[in-house]
Structures are given as structure tokens and as C-alpha cells.
>>> print(open('final-v6.txt').read())   # compact mmCIF, C-alpha atoms
# COMPACT_ATOMS: atom_id res chain seq x y z
CA MET I 1 0.00 0.00 0.00
CA THR I 2 1.43 3.40 -0.99
CA ALA I 3 1.99 5.72 1.98
CA THR I 4 -0.16 8.85 1.87
CA SER I 5 0.87 10.27 5.27
CA LYS I 6 4.06 10.45 7.28
CA VAL I 7 3.84 10.03 11.05
CA CYS I 8 6.73 10.81 13.37
CA VAL I 9 6.67 8.54 16.44
CA ILE I 10 8.33 9.81 19.62
CA PRO I 11 8.34 6.99 22.23
CA GLY I 12 9.27 9.27 25.14
CA ASP I 13 10.66 8.48 28.57
CA ASP I 14 10.34 6.11 31.55
CA ALA I 15 7.42 3.69 30.94
CA ALA I 16 6.01 5.55 27.92
CA PRO I 17 8.18 3.68 25.35
CA GLU I 18 6.76 0.38 26.63
CA ALA I 19 3.22 1.56 25.83
CA MET I 20 4.37 2.89 22.47
CA GLN I 21 6.17 -0.32 21.49
CA ALA I 22 3.10 -2.41 22.24
CA SER I 23 0.85 0.08 20.44
CA LEU I 24 3.00 0.06 17.30
CA ARG I 25 2.69 -3.72 17.14
CA VAL I 26 -1.07 -3.26 17.07
CA LEU I 27 -0.93 -0.49 14.47
CA ASP I 28 1.32 -2.57 12.23
CA CYS I 29 -1.53 -5.06 11.88
CA LEU I 30 -3.76 -2.41 10.32
CA GLU I 31 -1.71 -2.19 7.10
CA LEU I 32 -2.01 1.57 7.00
CA PRO I 33 -1.11 3.99 4.17
CA ILE I 34 1.39 5.58 6.54
CA GLU I 35 5.15 5.99 6.52
CA TRP I 36 6.33 5.68 10.12
CA ASP I 37 9.38 7.64 11.28
CA LEU I 38 10.37 6.12 14.64
CA MET I 39 12.53 8.33 16.84
CA PRO I 40 14.77 6.96 19.62
CA ALA I 41 13.44 6.65 23.16
CA GLY I 42 14.73 9.09 25.75
CA LYS I 43 17.11 6.60 27.37
CA ASP I 44 18.90 6.26 24.03
CA LEU I 45 19.49 10.01 23.80
CA LEU I 46 21.48 10.56 26.98
CA ASN I 47 24.82 10.68 25.19
CA GLU I 48 23.58 13.38 22.82
CA GLY I 49 23.82 17.08 23.63
CA ILE I 50 20.57 18.94 24.32
CA ALA I 51 20.98 21.23 21.29
CA GLU I 52 21.64 18.26 18.99
CA ARG I 53 18.56 16.43 20.30
CA GLU I 54 16.34 19.46 19.80
CA LYS I 55 17.57 20.05 16.26
CA LEU I 56 17.11 16.40 15.25
CA PHE I 57 13.58 16.18 16.65
CA ARG I 58 12.47 19.51 15.16
CA GLU I 59 13.64 18.47 11.72
CA ARG I 60 11.82 15.16 11.87
CA ILE I 61 8.65 16.73 13.32
CA ASP I 62 8.64 19.34 10.55
CA ALA I 63 8.99 16.58 7.93
CA ALA I 64 5.93 14.71 9.22
CA ASP I 65 2.20 15.24 8.74
CA THR I 66 1.57 14.58 12.42
CA VAL I 67 3.19 13.07 15.51
CA LEU I 68 2.27 10.20 17.80
CA PHE I 69 3.96 11.16 21.08
CA GLY I 70 4.61 9.03 24.15
CA ALA I 71 5.35 11.32 27.08
CA SER I 72 8.45 13.22 28.17
CA ASN I 73 10.14 13.83 31.49
CA GLY I 74 12.37 16.37 29.75
CA THR I 75 14.82 13.92 28.23
CA SER I 76 12.90 13.41 24.99
CA PRO I 77 12.59 16.78 23.24
CA GLY I 78 9.79 18.01 21.02
CA ALA I 79 6.87 18.64 23.35
CA GLY I 80 7.49 22.37 23.76
CA TYR I 81 8.17 22.81 20.07
CA MET I 82 4.99 21.02 19.02
CA ARG I 83 2.97 23.07 21.48
CA TRP I 84 4.31 26.63 21.31
CA GLY I 85 6.43 26.36 18.17
CA LYS I 86 3.59 24.82 16.16
CA LEU I 87 0.90 26.82 18.04
CA THR I 88 -1.32 23.85 18.86
CA PHE I 89 -3.81 25.92 20.81
CA ALA I 90 -6.54 23.35 21.52
CA ASN I 91 -5.84 20.31 23.70
CA VAL I 92 -8.72 17.86 23.23
CA ARG I 93 -9.19 15.23 25.94
CA PRO I 94 -12.15 12.84 25.51
CA ILE I 95 -13.59 11.42 28.73
CA CYS I 96 -15.68 8.39 27.79
CA TRP I 97 -16.46 5.34 29.92
CA GLN I 98 -17.06 1.95 28.35
CA PRO I 99 -17.86 -1.49 29.82
CA GLY I 100 -14.76 -3.04 31.36
CA PHE I 101 -13.23 0.26 32.44
CA LYS I 102 -12.65 0.15 36.20
CA SER I 103 -14.48 3.31 37.23
CA PRO I 104 -14.70 4.17 40.95
CA LEU I 105 -18.20 5.55 40.34
CA ARG I 106 -21.29 3.40 40.90
CA GLU I 107 -23.01 4.51 37.69
CA PRO I 108 -20.45 5.67 35.09
CA GLU I 109 -22.48 4.50 32.08
CA ARG I 110 -23.38 7.93 30.74
CA ILE I 111 -19.96 9.57 30.99
CA ASP I 112 -19.17 10.74 27.47
CA TYR I 113 -17.86 14.27 27.09
CA VAL I 114 -14.82 16.08 25.74
CA ILE I 115 -12.64 18.61 27.52
CA VAL I 116 -11.17 21.31 25.28
CA ARG I 117 -8.26 22.94 27.09
CA GLU I 118 -6.76 26.21 25.86
CA ASN I 119 -3.17 25.08 25.39
CA LEU I 120 -0.89 28.14 25.09
CA GLU I 121 -1.82 30.83 27.62
CA ASP I 122 -2.90 31.21 31.26
CA MET I 123 -0.33 30.27 33.93
CA TYR I 124 1.74 28.35 31.39
CA VAL I 125 3.23 31.41 29.69
CA GLY I 126 6.17 31.06 32.09
CA ILE I 127 6.23 34.61 33.43
CA MET I 128 7.29 34.38 37.06
CA GLY I 129 9.83 35.72 39.47
CA ASP I 130 10.39 37.58 42.75
CA ALA I 131 7.43 39.52 44.14
CA LYS I 132 9.77 42.41 44.92
CA ASP I 133 10.35 42.92 41.20
CA LEU I 134 6.60 43.13 40.67
CA LEU I 135 6.23 45.72 43.43
CA ASP I 136 9.27 47.75 42.37
CA ALA I 137 7.88 47.94 38.83
CA GLY I 138 4.63 49.37 40.18
CA LEU I 139 2.62 46.44 38.85
CA ALA I 140 1.12 45.47 42.20
CA ASP I 141 -0.59 47.75 44.69
CA PRO I 142 1.10 47.12 48.06
CA ARG I 143 -2.17 48.07 49.77
CA SER I 144 -4.04 45.22 48.10
CA ARG I 145 -4.34 41.70 49.49
CA LEU I 146 -0.60 41.11 49.52
CA PRO I 147 0.39 39.57 52.85
CA GLU I 148 2.96 41.14 55.17
CA GLY I 149 6.42 40.24 53.92
CA ALA I 150 5.28 40.01 50.30
CA THR I 151 8.60 41.40 49.13
CA ASP I 152 10.13 38.10 50.18
CA GLY I 153 7.82 36.13 47.88
CA ARG I 154 7.32 34.89 44.35
CA PHE I 155 4.74 35.56 41.64
CA ALA I 156 3.49 33.83 38.51
CA ALA I 157 1.47 35.68 35.87
CA LYS I 158 -1.80 34.48 34.35
CA ILE I 159 -2.19 35.82 30.82
CA ILE I 160 -5.45 35.55 28.88
CA THR I 161 -5.73 37.19 25.45
CA ARG I 162 -8.75 37.86 23.28
CA PRO I 163 -7.25 36.29 20.10
CA GLY I 164 -6.17 33.19 22.02
CA THR I 165 -9.56 32.80 23.67
CA GLU I 166 -11.50 33.45 20.47
CA GLN I 167 -9.63 30.81 18.48
CA VAL I 168 -10.11 28.07 21.07
CA ALA I 169 -13.75 29.10 21.56
CA LYS I 170 -14.40 28.75 17.82
CA PHE I 171 -12.73 25.34 17.88
CA ALA I 172 -14.92 24.27 20.82
CA CYS I 173 -18.09 25.56 19.14
CA GLU I 174 -17.33 23.64 15.96
CA LEU I 175 -16.67 20.49 17.99
CA ALA I 176 -19.93 21.00 19.90
CA LEU I 177 -21.84 21.23 16.63
CA GLN I 178 -20.39 17.84 15.63
CA ARG I 179 -21.78 16.40 18.87
CA SER I 180 -24.94 17.49 20.73
CA GLY I 181 -24.51 21.26 20.41
CA ARG I 182 -23.90 21.80 24.14
CA LEU I 183 -20.90 23.89 25.19
CA THR I 184 -20.01 24.47 28.84
CA VAL I 185 -17.32 26.94 29.90
CA SER I 186 -15.82 27.19 33.36
CA ALA I 187 -13.23 29.28 35.23
CA LYS I 188 -12.80 31.04 38.59
CA THR I 189 -15.02 33.91 37.50
CA ASN I 190 -15.95 35.15 40.97
CA MET I 191 -12.37 35.74 42.17
CA LEU I 192 -10.52 36.52 38.94
CA PRO I 193 -12.71 38.89 36.90
CA ALA I 194 -9.85 40.41 34.88
CA THR I 195 -8.83 37.05 33.42
CA ASP I 196 -11.24 34.21 34.14
CA ARG I 197 -14.51 36.12 33.90
CA TRP I 198 -13.21 37.81 30.74
CA PHE I 199 -12.35 34.40 29.27
CA CYS I 200 -15.94 33.24 29.80
CA GLU I 201 -17.40 36.50 28.46
CA ILE I 202 -15.35 36.19 25.25
CA VAL I 203 -16.46 32.57 24.81
CA LYS I 204 -20.09 33.63 25.22
CA GLU I 205 -19.59 36.35 22.59
CA VAL I 206 -18.15 33.79 20.15
CA THR I 207 -21.09 31.43 20.63
CA GLN I 208 -23.39 34.14 19.22
CA ASP I 209 -21.94 33.28 15.81
CA TYR I 210 -22.95 29.63 16.30
CA PRO I 211 -26.74 29.62 16.71
CA GLY I 212 -26.77 25.83 17.03
CA VAL I 213 -24.63 25.93 20.20
CA HIS I 214 -26.29 25.93 23.64
CA PHE I 215 -24.01 27.84 26.06
CA GLU I 216 -23.75 27.41 29.83
CA GLU I 217 -21.20 28.57 32.42
CA PHE I 218 -20.13 27.39 35.88
CA ILE I 219 -17.50 28.44 38.41
CA VAL I 220 -14.60 26.00 38.24
CA ASP I 221 -14.90 24.60 41.78
CA ASP I 222 -18.56 23.82 41.07
CA MET I 223 -17.40 22.26 37.81
CA ALA I 224 -15.04 19.90 39.67
CA HIS I 225 -18.03 18.77 41.73
CA ARG I 226 -20.16 18.29 38.64
CA LEU I 227 -17.54 16.11 36.93
CA VAL I 228 -18.14 13.58 39.69
CA VAL I 229 -21.85 13.90 40.48
CA LYS I 230 -23.36 15.05 37.14
CA PRO I 231 -20.92 14.09 34.35
CA ASP I 232 -23.79 12.97 32.11
CA GLU I 233 -24.90 16.62 31.80
CA LEU I 234 -21.69 17.56 29.96
CA ASP I 235 -20.79 17.27 26.29
CA VAL I 236 -18.05 19.76 25.35
CA LEU I 237 -16.34 21.49 28.28
CA LEU I 238 -14.04 24.43 27.48
CA LEU I 239 -11.48 25.44 30.11
CA PRO I 240 -8.48 27.76 30.40
CA ASN I 241 -5.10 26.05 30.38
CA LEU I 242 -4.48 25.34 34.08
CA TYR I 243 -8.01 24.22 34.93
CA GLY I 244 -8.12 22.08 31.81
CA ASP I 245 -4.91 20.34 32.84
CA ILE I 246 -6.22 19.57 36.32
CA LEU I 247 -9.86 18.73 35.58
CA SER I 248 -9.02 16.45 32.65
CA ASP I 249 -7.09 14.24 35.09
CA LEU I 250 -10.08 14.32 37.43
CA GLY I 251 -12.33 13.31 34.55
CA ALA I 252 -10.01 10.46 33.62
CA GLY I 253 -10.21 9.25 37.20
CA THR I 254 -13.99 8.97 36.98
CA ILE I 255 -13.81 6.52 34.07
CA GLY I 256 -11.00 4.39 35.46
CA GLY I 257 -7.71 6.26 35.34
CA LEU I 258 -5.18 8.02 33.17
CA GLY I 259 -4.28 4.78 31.39
CA LEU I 260 -7.59 5.15 29.53
CA ALA I 261 -7.28 8.82 28.61
CA PRO I 262 -6.15 9.89 25.11
CA SER I 263 -5.56 13.41 23.89
CA GLY I 264 -4.81 15.44 20.79
CA CYS I 265 -3.33 18.93 20.45
CA TYR I 266 -4.59 20.88 17.43
CA GLY I 267 -3.39 24.03 15.70
CA HIS I 268 -4.51 25.59 12.44
CA ASP I 269 -2.17 23.46 10.32
CA PHE I 270 -0.61 20.88 12.64
CA ALA I 271 -1.69 18.41 15.33
CA TYR I 272 -0.04 15.82 17.51
CA PHE I 273 -1.44 13.05 19.68
CA GLU I 274 -0.39 11.67 23.05
CA SER I 275 -1.72 9.78 26.05
CA SER I 276 -2.61 11.89 29.08
CA HIS I 277 -0.84 9.72 31.65
CA GLY I 278 2.69 11.10 31.48
CA THR I 279 5.80 8.94 31.71
CA ALA I 280 4.71 6.78 34.70
CA PRO I 281 8.22 6.46 36.19
CA ASP I 282 6.95 4.37 39.10
CA ILE I 283 6.22 1.42 36.79
CA ALA I 284 9.02 1.90 34.24
CA GLY I 285 10.61 -1.40 33.27
CA MET I 286 7.84 -3.49 34.80
CA GLY I 287 6.02 -4.11 31.51
CA VAL I 288 2.59 -3.37 32.96
CA ILE I 289 1.77 0.12 31.64
CA ASN I 290 -1.65 0.22 30.01
CA PRO I 291 -1.32 1.07 26.28
CA THR I 292 -5.03 1.91 25.92
CA ALA I 293 -4.48 5.67 26.11
CA THR I 294 -1.77 5.49 23.45
CA LEU I 295 -3.96 3.37 21.18
CA LEU I 296 -6.96 5.66 21.61
CA SER I 297 -4.70 8.65 20.88
CA ALA I 298 -3.68 6.85 17.69
CA ALA I 299 -7.38 6.49 16.81
CA MET I 300 -7.76 10.26 17.23
CA MET I 301 -4.76 10.68 14.95
CA PHE I 302 -6.34 8.45 12.30
CA ARG I 303 -9.45 10.65 12.30
CA TYR I 304 -7.22 13.70 11.85
CA LEU I 305 -5.63 11.93 8.85
CA LYS I 306 -9.15 11.14 7.55
CA LEU I 307 -8.69 7.40 8.14
CA THR I 308 -12.07 7.18 9.85
CA GLU I 309 -12.77 3.52 9.12
CA VAL I 310 -9.39 2.53 10.55
CA ALA I 311 -10.09 4.55 13.70
CA ASP I 312 -13.47 2.85 14.09
CA ARG I 313 -11.90 -0.56 13.63
CA LEU I 314 -9.21 0.07 16.24
CA GLU I 315 -11.68 1.47 18.79
CA THR I 316 -14.00 -1.49 18.24
CA ALA I 317 -11.15 -3.94 18.88
CA ILE I 318 -10.25 -2.17 22.13
CA THR I 319 -13.89 -2.26 23.21
CA GLU I 320 -14.03 -6.01 22.57
CA VAL I 321 -10.95 -6.61 24.73
CA TYR I 322 -12.51 -4.71 27.63
CA LEU I 323 -15.81 -6.49 27.19
CA ALA I 324 -14.02 -9.85 27.37
CA GLY I 325 -12.13 -8.68 30.47
CA SER I 326 -9.57 -11.50 30.44
CA ASP I 327 -6.48 -9.61 29.26
CA LEU I 328 -6.57 -6.36 31.20
CA THR I 329 -3.59 -4.64 32.81
CA PRO I 330 -3.28 -4.25 36.61
CA ASP I 331 -4.64 -0.70 36.65
CA GLN I 332 -7.92 -2.15 35.37
CA GLY I 333 -8.03 -5.02 37.83
CA GLY I 334 -6.36 -7.60 35.57
CA ASP I 335 -3.00 -9.36 35.67
CA ALA I 336 -2.00 -9.07 31.99
CA ASP I 337 1.20 -7.29 31.04
CA THR I 338 1.44 -4.59 28.37
CA GLU I 339 2.32 -6.95 25.52
CA THR I 340 -0.42 -9.43 26.44
CA PHE I 341 -2.99 -6.66 26.26
CA ALA I 342 -1.63 -5.66 22.85
CA ASP I 343 -1.87 -9.31 21.71
CA ALA I 344 -5.54 -9.30 22.75
CA VAL I 345 -6.25 -6.18 20.69
CA ILE I 346 -4.46 -7.74 17.71
CA GLY I 347 -6.61 -10.82 18.15
CA ALA I 348 -9.76 -8.68 18.21
CA LEU I 349 -8.62 -6.97 15.01
>>> encode(input="final-v6.txt", output="C-alpha cells")
Amino acid sequence: MTATSKVCVIPGDDAAPEAMQASLRVLDCLELPIEWDLMPAGKDLLNEGIAEREKLFRERIDAADTVLFGASNGTSPGAGYMRWGKLTFANVRPICWQPGFKSPLREPERIDYVIVRENLEDMYVGIMGDAKDLLDAGLADPRSRLPEGATDGRFAAKIITRPGTEQVAKFACELALQRSGRLTVSAKTNMLPATDRWFCEIVKEVTQDYPGVHFEEFIVDDMAHRLVVKPDELDVLLLPNLYGDILSDLGAGTIGGLGLAPSGCYGHDFAYFESSHGTAPDIAGMGVINPTATLLSAAMMFRYLKLTEVADRLETAITEVYLAGSDLTPDQGGDADTETFADAVIGAL
């Protein structure tokens, strides 16, 4: 089959390469029209200089149509470049329970929503330093709520921009229209009017251009509560960067854990896909990491590449393995190792 797309694969660090290796065995069985460019795992890069690593990975990322990414502890480069260098402003994290997932909730059956996390701004802009510098520059009123001794403190800046919020709001509206039409936005609007309330106001303005979208808004602490007690009332949930990072992990916990949580990061002309679970250093080398999140991230990637039937086929095979329940990894109550789970998915395919 002639390759029509080129995918750069970055295995990542700690336990992530184990999930990626097992996942690639599954993907190889699909006979895809894809040229795979497999990068070295982080442990194989330690003898290379940081600048050399960055240059190599940027060149290979730029040469690909998309990237399937493991997870990085800082050894494997590329994450920052794909995010801020490629301006992938929308981090999409589906939260969907299915039979066989080991949810801690009594009735998880109707959990099926998507978190859209603004991916470039908020507290992640990296502007931080000594509080004294902030005061000396006249950027903080010393008579405000600053505690005594604030000069011996630190600050971190939250930055929300109208262009950044508008582009992720449009993305979320378009995604909502592909689903039920419901869009929920949440932030700490009562305490942070200059940033969080403004974020929600801009999103509401954008929804006026999407008459098919039903808009609702909740304070973020209430939203955390709702993710546990009323998750079935959600469909597309749009959050600023920090809250999206935190609440997507909470959402993953309600369906059975981070080993089940895929994600994709989308820009205007580039996207990459990675599991939400990080590098899992505590189980590195044990061969028990759950590759489900990596496989489901690959399914998201296939939809991005317009290989919809392949994505459906892969997701169906994963569903069958969980329905059977005999080859699940320890995080899901089973005793299968990573490769045994992958063998089960291959068998289902």
C-alpha cells in the first residue's frame, strides 16, 4: 500500500516507550497507508547534547504530517516545540467510559464528554519571578491583598488574550456542533474577573456566531463537583489552560484512570497526539503500563488523517478486549502485562 501520510513517532521516557512499542505492534496489523518515522526513546538520547537532540527532533517533526507522542520527562525533546512552536492551541481530551473500564463511580455508564483545554496561555506562559520585582515595577498595589512580607515572595502571571480565547472558543463551538450542540465553559469567574470572567465572556460572545450551540457557564470549583456527580450533563467542556490540565485528570479518574485517557493537540495546520498519563516512572521497566491511552490517541490521529474507518476498527477492537475482560492490565483489575494486552487487541482486530 502506498503511503499517503508520514507520522513521526516519539516513544518518550520512563514507561512511555513500553506503551508505544506495544501500540506500534497493534498499528502494524492495520496495514495503513502511513510511513512511520520512529525516533529513539529518551534513554537512548542521553549521550547526545541537548541542542543536537532538539535540532534532530524539530527536523523530523517538521517533515511529518503529524506526531504520535509518548510522554516526556524532559529527556525526549519536542513537546514544547509542538505546542508553542507549532501553536497547537486546543488540547482535546475525551472522557468516555465503556464497559470493562474500572471506574470508581457506581453509575459511570453515561460519561461521554470532551474537555477542550486552551493550550498556550494562562499560567503556562512562564512569566514568574520575585514579588519584589513586581512591586518595584509598580505592577502590584502594596495596599491590596498582599500579605505582610510580600517582598520576600514569588509571583506567577496568568495571561489571557482575546485572540487566544477566540480561536479556542471557535474550535470548541465547531466540535460542539459535531456532537450534541452543548458547550459548557468554566473558570474562577468570581475571584478573577480580569482574566477568568473575561475568558468566559469572550467565549459567550463567540457562541453568538454559532446559533446551534447551547451555552452554559459554571464556576470551576462547582465544575469539579459536577464532573463527579453530574458528568452525564456535559458534552463539550471548554477550560483555560491550568483548569483544563487539572480537571481532565479528574475526569479520567472517573472513568477508570489516566491509562484510559487519550488526547490530541490541534493548531490551524498541525496536530499531535499523546496519552494523558505522562511517563509513569513508578512502573518503568515493569512491563505493565496500560497502552489503551496510546492506542486511543492513535485512533484520534487516524481521524485527523481522515482514516475514519481505521479509527473505528481500532476502537472497536479495544472495546471487545474490555468487554471480554480477560487480558486487562493491573490498573484495570487484571493481571496481563502490556504486551499481552496488545496481543488481545491484535486478536480482536
>>> atom_distance(input="final-v6.txt", atom1="CA of Val310 (chain I)", atom2="CA of Leu38 (chain I)")
20.5 Å
>>> closest_residue(input="final-v6.txt", among="I:Val213, I:Ala172, I:Ile127, I:Ala64", to="Ile115 (chain I)", atoms="only C-alpha atoms")
I:Ala172
>>> residues_around(input="final-v6.txt", residues="region 180-193 of chain I", least_positions_apart="6", cutoff="9 Å", atoms="all atoms listed in the file", output="list in words")
Ala172, Cys173, Glu174, Phe199, Cys200, Val203, Lys204, Thr207, Gly212, Val213, His214, Phe215, Glu216, Glu217, Phe218, Ile219, Val220, Asp221, Asp222, Met223, Leu234, Asp235, Val236, Leu237, Leu238, Leu239, Pro240 and Tyr243 of chain I
>>> atom_distance(input="final-v6.txt", atom1="CA of Ser23 (chain I)", atom2="CA of Thr4 (chain I)")
20.6 Å
>>> residues_around(input="final-v6.txt", residues="Val168 (chain I)", least_positions_apart="2", cutoff="9 Å", atoms="all atoms listed in the file", output="PyMOL selection string")
chain I and resi 89-90+116-119+163-166+170-173+203+238
>>> residues_around(input="final-v6.txt", residues="region 146-153 of chain I", least_positions_apart="4", cutoff="12 Å", atoms="all atoms listed in the file", output="MDAnalysis selection string")
chainID I and resid 128:136 140:142
>>> write_last_selection(input="final-v6.txt", atoms="C-alpha atoms", output="PDB file, in the frame of the given file")
ATOM      1  CA  MET I 128       7.290  34.380  37.060  1.00  0.00           C
ATOM      2  CA  GLY I 129       9.830  35.720  39.470  1.00  0.00           C
ATOM      3  CA  ASP I 130      10.390  37.580  42.750  1.00  0.00           C
ATOM      4  CA  ALA I 131       7.430  39.520  44.140  1.00  0.00           C
ATOM      5  CA  LYS I 132       9.770  42.410  44.920  1.00  0.00           C
ATOM      6  CA  ASP I 133      10.350  42.920  41.200  1.00  0.00           C
ATOM      7  CA  LEU I 134       6.600  43.130  40.670  1.00  0.00           C
ATOM      8  CA  LEU I 135       6.230  45.720  43.430  1.00  0.00           C
ATOM      9  CA  ASP I 136       9.270  47.750  42.370  1.00  0.00           C
ATOM     10  CA  ALA I 140       1.120  45.470  42.200  1.00  0.00           C
ATOM     11  CA  ASP I 141      -0.590  47.750  44.690  1.00  0.00           C
ATOM     12  CA  PRO I 142       1.100  47.120  48.060  1.00  0.00           C
TER      13      PRO I 142
END
>>> atom_distance(input="final-v6.txt", atom1="CA of Glu339 (chain I)", atom2="CA of Gly287 (chain I)")
7.6 Å
>>> residues_around(input="final-v6.txt", residues="Gly347 (chain I)", least_positions_apart="5", cutoff="9 Å", atoms="only C-alpha atoms", output="number ranges by chain")
I: 317, 321, 342
>>> closest_residue(input="final-v6.txt", among="I:Glu48, I:Asp312, I:Asp331, I:Glu233", to="Gly253 (chain I)", atoms="all atoms listed in the file")
I:Asp331
>>> closest_residue(input="final-v6.txt", among="I:Ala293, I:Gln178, I:Ala3, I:Ala71", to="Ala252 (chain I)", atoms="all atoms listed in the file")
I:Ala293
>>> closest_residue(input="final-v6.txt", among="I:Gly126, I:Ile10, I:Lys43, I:Cys29", to="Gly78 (chain I)", atoms="all atoms listed in the file")
I:Ile10
>>> residues_around(input="final-v6.txt", residues="Ala324 (chain I)", least_positions_apart="5", cutoff="10 Å", atoms="all atoms listed in the file", output="MDAnalysis selection string")
chainID I and resid 99:100 319 344
>>> closest_residue(input="final-v6.txt", among="I:Ala176, I:Leu105, I:Gly244, I:Arg60", to="Met123 (chain I)", atoms="only C-alpha atoms")
I:Gly244
>>> decode(input="final-v6.txt", residues="region 100-115 of chain I", atoms="C-alpha atoms", output="PDB file, in the first residue's frame")
ATOM      1  CA  GLY I 100     -14.765  -3.042  31.360  1.00  0.00           C
ATOM      2  CA  PHE I 101     -13.229   0.262  32.445  1.00  0.00           C
ATOM      3  CA  LYS I 102     -12.649   0.148  36.203  1.00  0.00           C
ATOM      4  CA  SER I 103     -14.483   3.308  37.234  1.00  0.00           C
ATOM      5  CA  PRO I 104     -14.699   4.172  40.949  1.00  0.00           C
ATOM      6  CA  LEU I 105     -18.198   5.549  40.343  1.00  0.00           C
ATOM      7  CA  ARG I 106     -21.287   3.397  40.903  1.00  0.00           C
ATOM      8  CA  GLU I 107     -23.007   4.505  37.686  1.00  0.00           C
ATOM      9  CA  PRO I 108     -20.450   5.668  35.092  1.00  0.00           C
ATOM     10  CA  GLU I 109     -22.475   4.499  32.080  1.00  0.00           C
ATOM     11  CA  ARG I 110     -23.384   7.934  30.741  1.00  0.00           C
ATOM     12  CA  ILE I 111     -19.962   9.574  30.986  1.00  0.00           C
ATOM     13  CA  ASP I 112     -19.166  10.738  27.467  1.00  0.00           C
ATOM     14  CA  TYR I 113     -17.856  14.266  27.090  1.00  0.00           C
ATOM     15  CA  VAL I 114     -14.819  16.084  25.736  1.00  0.00           C
ATOM     16  CA  ILE I 115     -12.636  18.613  27.521  1.00  0.00           C
TER      17      ILE I 115
END
